[in-house]
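Asks: Dropping in structure-v1.cif, which is mmCIF, C-alpha atoms:
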```
data_query
loop_
_atom_site.label_atom_id
_atom_site.label_comp_id
_atom_site.auth_asym_id
_atom_site.auth_seq_id
_atom_site.Cartn_x
_atom_site.Cartn_y
_atom_site.Cartn_z
CA MET A 107 -274.05 120.91 -142.75
CA ARG A 108 -271.33 122.84 -140.97
CA GLU A 109 -267.85 121.32 -140.83
CA ASN A 110 -266.52 120.01 -137.52
CA PRO A 111 -264.58 122.94 -135.93
CA SER A 112 -261.52 120.72 -135.42
CA LEU A 113 -261.60 119.73 -139.07
CA SER A 114 -261.83 123.39 -140.11
CA VAL A 115 -258.66 124.06 -138.11
CA PHE A 116 -256.88 121.19 -139.88
CA ARG A 117 -258.06 122.68 -143.17
CA LEU A 118 -256.44 126.01 -142.29
CA TRP A 119 -253.19 124.34 -141.16
CA ALA A 120 -253.12 122.52 -144.50
CA ALA A 121 -253.67 125.87 -146.26
CA VAL A 122 -250.62 127.24 -144.45
CA ALA A 123 -248.59 124.21 -145.55
CA TRP A 124 -249.79 124.74 -149.15
CA ALA A 125 -249.21 128.53 -149.10
CA ASP A 126 -245.90 128.31 -150.96
CA GLY A 127 -247.35 125.89 -153.52
CA ALA A 128 -246.04 122.59 -152.12
CA VAL A 129 -246.19 120.54 -148.95
CA VAL A 130 -242.69 119.43 -147.99
CA GLU A 131 -241.92 116.35 -145.89
CA ALA A 132 -241.35 118.37 -142.70
CA GLU A 133 -244.76 120.00 -143.05
CA ALA A 134 -246.46 116.68 -143.77
CA GLN A 135 -244.81 115.08 -140.73
CA GLN A 136 -245.83 117.94 -138.48
CA TYR A 137 -249.38 117.79 -139.81
CA GLN A 138 -249.51 114.03 -139.22
CA SER A 139 -248.28 114.53 -135.66
CA LEU A 140 -251.12 116.95 -135.06
CA LEU A 141 -253.56 114.41 -136.48
CA ASP A 142 -252.16 111.70 -134.21
CA TYR A 143 -253.14 113.72 -131.15
CA ALA A 144 -256.44 115.09 -132.41
CA GLY A 145 -259.72 113.71 -131.19
CA LEU A 146 -261.06 113.07 -134.68
CA GLY A 147 -262.98 110.03 -135.82
CA ASP A 148 -261.71 107.81 -138.63
CA ALA A 149 -263.75 109.55 -141.33
CA GLU A 150 -262.59 112.98 -140.19
CA ARG A 151 -258.94 111.84 -140.06
CA THR A 152 -259.27 110.58 -143.63
CA THR A 153 -260.77 113.91 -144.68
CA ALA A 154 -258.01 115.84 -142.89
CA ARG A 155 -255.29 113.73 -144.53
CA GLY A 156 -256.88 114.54 -147.88
CA PHE A 157 -256.21 118.23 -147.32
CA LEU A 158 -252.53 117.51 -148.01
CA GLU A 159 -253.24 115.67 -151.27
CA HIS A 160 -254.57 118.66 -153.21
CA LYS A 161 -253.86 122.35 -152.75
CA ILE A 162 -256.07 123.94 -150.11
CA GLU A 163 -256.64 127.69 -150.11
CA LEU A 164 -257.15 129.57 -146.87
CA ASP A 165 -260.92 129.90 -146.31
CA LEU A 166 -261.47 132.12 -143.31
CA GLY A 167 -265.23 132.09 -143.82
CA ALA A 168 -265.35 128.45 -142.72
CA LEU A 169 -263.10 129.01 -139.72
CA ALA A 170 -264.70 128.34 -136.34
CA VAL A 171 -262.24 128.76 -133.47
CA GLU A 172 -263.15 129.25 -129.85
CA PRO A 173 -261.66 132.51 -128.48
CA LYS A 174 -259.56 130.63 -125.91
CA ALA A 175 -257.99 128.49 -128.68
CA ARG A 176 -257.10 131.29 -131.10
CA GLU A 177 -253.52 131.82 -129.98
CA ASN A 178 -252.82 128.08 -130.04
CA VAL A 179 -254.26 127.79 -133.54
CA TYR A 180 -252.12 130.72 -134.68
CA GLU A 181 -248.98 129.35 -133.01
CA THR A 182 -249.47 125.99 -134.71
CA ALA A 183 -249.97 127.74 -138.06
CA VAL A 184 -246.69 129.61 -137.51
CA ARG A 185 -244.99 126.31 -136.67
CA MET A 186 -246.39 124.81 -139.87
CA ALA A 187 -245.04 127.72 -141.91
CA ALA A 188 -241.65 127.39 -140.21
CA ALA A 189 -241.41 123.59 -140.59
CA ASP A 190 -239.13 123.90 -143.63
CA HIS A 191 -236.99 126.54 -141.85
CA GLU A 192 -237.93 129.38 -144.17
CA TYR A 193 -240.81 131.77 -144.60
CA VAL A 194 -241.83 132.86 -148.07
CA LEU A 195 -244.03 135.81 -148.91
CA GLN A 196 -247.09 133.65 -149.55
CA GLU A 197 -246.80 132.08 -146.07
CA LEU A 198 -246.41 135.47 -144.44
CA LEU A 199 -249.50 136.74 -146.24
CA VAL A 200 -251.54 133.72 -145.13
CA LEU A 201 -250.34 134.16 -141.55
CA SER A 202 -251.22 137.86 -141.65
CA ARG A 203 -254.75 137.10 -142.84
CA LEU A 204 -255.11 134.39 -140.22
CA GLN A 205 -253.87 136.69 -137.47
CA ALA A 206 -256.49 139.27 -138.40
CA ALA A 207 -259.27 136.66 -138.63
CA LEU A 208 -258.35 135.29 -135.20
CA ASN A 209 -258.29 138.82 -133.78
CA ILE A 210 -254.74 138.54 -132.47
CA ASP A 211 -253.07 141.92 -132.07
CA ASP A 212 -249.73 142.63 -133.74
CA GLN A 213 -247.69 142.63 -130.54
CA ARG A 214 -249.04 139.26 -129.41
CA ALA A 215 -248.56 137.80 -132.89
CA ARG A 216 -244.90 138.90 -132.90
CA GLU A 217 -244.45 137.32 -129.45
CA ILE A 218 -245.90 134.04 -130.70
CA GLU A 219 -243.73 134.15 -133.83
CA ALA A 220 -240.62 134.87 -131.77
CA SER A 221 -241.36 131.96 -129.43
CA VAL A 222 -241.67 129.62 -132.41
CA GLY A 223 -238.42 130.94 -133.85
CA SER A 224 -236.57 130.21 -130.63
CA ALA A 225 -238.08 126.76 -130.11
#
```
Translate this file's structure into structure tokens.
Replies:
Amino acid sequence: MRENPSLSVFRLWAAVAWADGAVVEAEAQQYQSLLDYAGLGDAERTTARGFLEHKIELDLGALAVEPKARENVYETAVRMAAADHEYVLQELLVLSRLQAALNIDDQRAREIEASVGSA
């Protein structure tokens, strides 16, 4: 059975949080805030919370994002990577792979990243 598309997005956001090897409090809080506003059922919320308990690798094969949501998904991933106020190489590599998978061109990705940096 295919994973709920919303749950697959939470999986990728967790992978961004885990990219540097640890989920810090700021990342966990941001992730929880996203969960608070998501339209997930109780079982899916529990599953999504579990993504922060054990390291999640970025799995772009399971990613199902509507074209109109791609930039928002990428922006939120950038915010997740920036939650601890520093980018490390592993996070940048994950974001680069995600950008390509979401078919976001370099110029638009830099615009999104700049808007997150100024927020």
Asks: Rounded to one decimal in Å, what is the spacing between CA of Arg155 (chain A) and CA of Ala120 (chain A)?
Replies: 9.1 Å
Asks: Just give me the residues with any atom within 9 Å of (-241.2, 133.7, -134.0), file coordinates, counting only C-alpha atoms, written as a ChimeraX atom specification.
Replies: /A:181,184-185,188,215-225
Asks: Mind telling me what the PyMOL selection byres ((chain A and resi 114) around 9) catches here, as a list in words?
Replies: Glu109, Asn110, Pro111, Ser112, Leu113, Val115, Phe116, Arg117, Leu118, Trp119, Ala154, Ala168, Leu169, Ala170 and Val171 of chain A
Asks: I want to know what sits within 7 Å of region 130-144 of chain A, based on all atoms listed in the file, with residues of the same chain fewer than 3 positions away left out; could you give that as a ChimeraX atom specification?
Replies: /A:123,151,186,189-190
Asks: Expanded to explicit residues, what is the PyMOL selection byres ((chain A and resi 199) around 12) for this file, as a list in words?
Replies: Ala121, Val122, Ala125, Asp126, Leu164, Val184, Ala187, Tyr193, Val194, Leu195, Gln196, Glu197, Leu198, Val200, Leu201, Ser202, Arg203, Leu204, Gln205 and Ala206 of chain A
Asks: Suppose you want the space between CA of Glu172 (chain A) and CA of Asn209 (chain A); what is it in Å?
Replies: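 According to the coordinates, CA of Glu172 (chain A) and CA of Asn209 (chain A) are separated by 11.4 Å.
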Asks: Could you jot down the CA of Asp165 (chain A) to CA of Tyr180 (chain A) separation for me, Å, one decimal place?
Replies: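 Between CA of Asp165 (chain A) and CA of Tyr180 (chain A) the gap works out to 14.6 Å.
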Asks: Where's the centre, and what are the edge lengths in Å to one decimal, of a box along x, y and z enclosing all listed atoms of region 198-216 of chain A padded 8 Å per side, as JSON?
Replies:
```
{"center_x": -252.1, "center_y": 138.2, "center_z": -137.8, "size_x": 30.4, "size_y": 24.9, "size_z": 32.8}
```
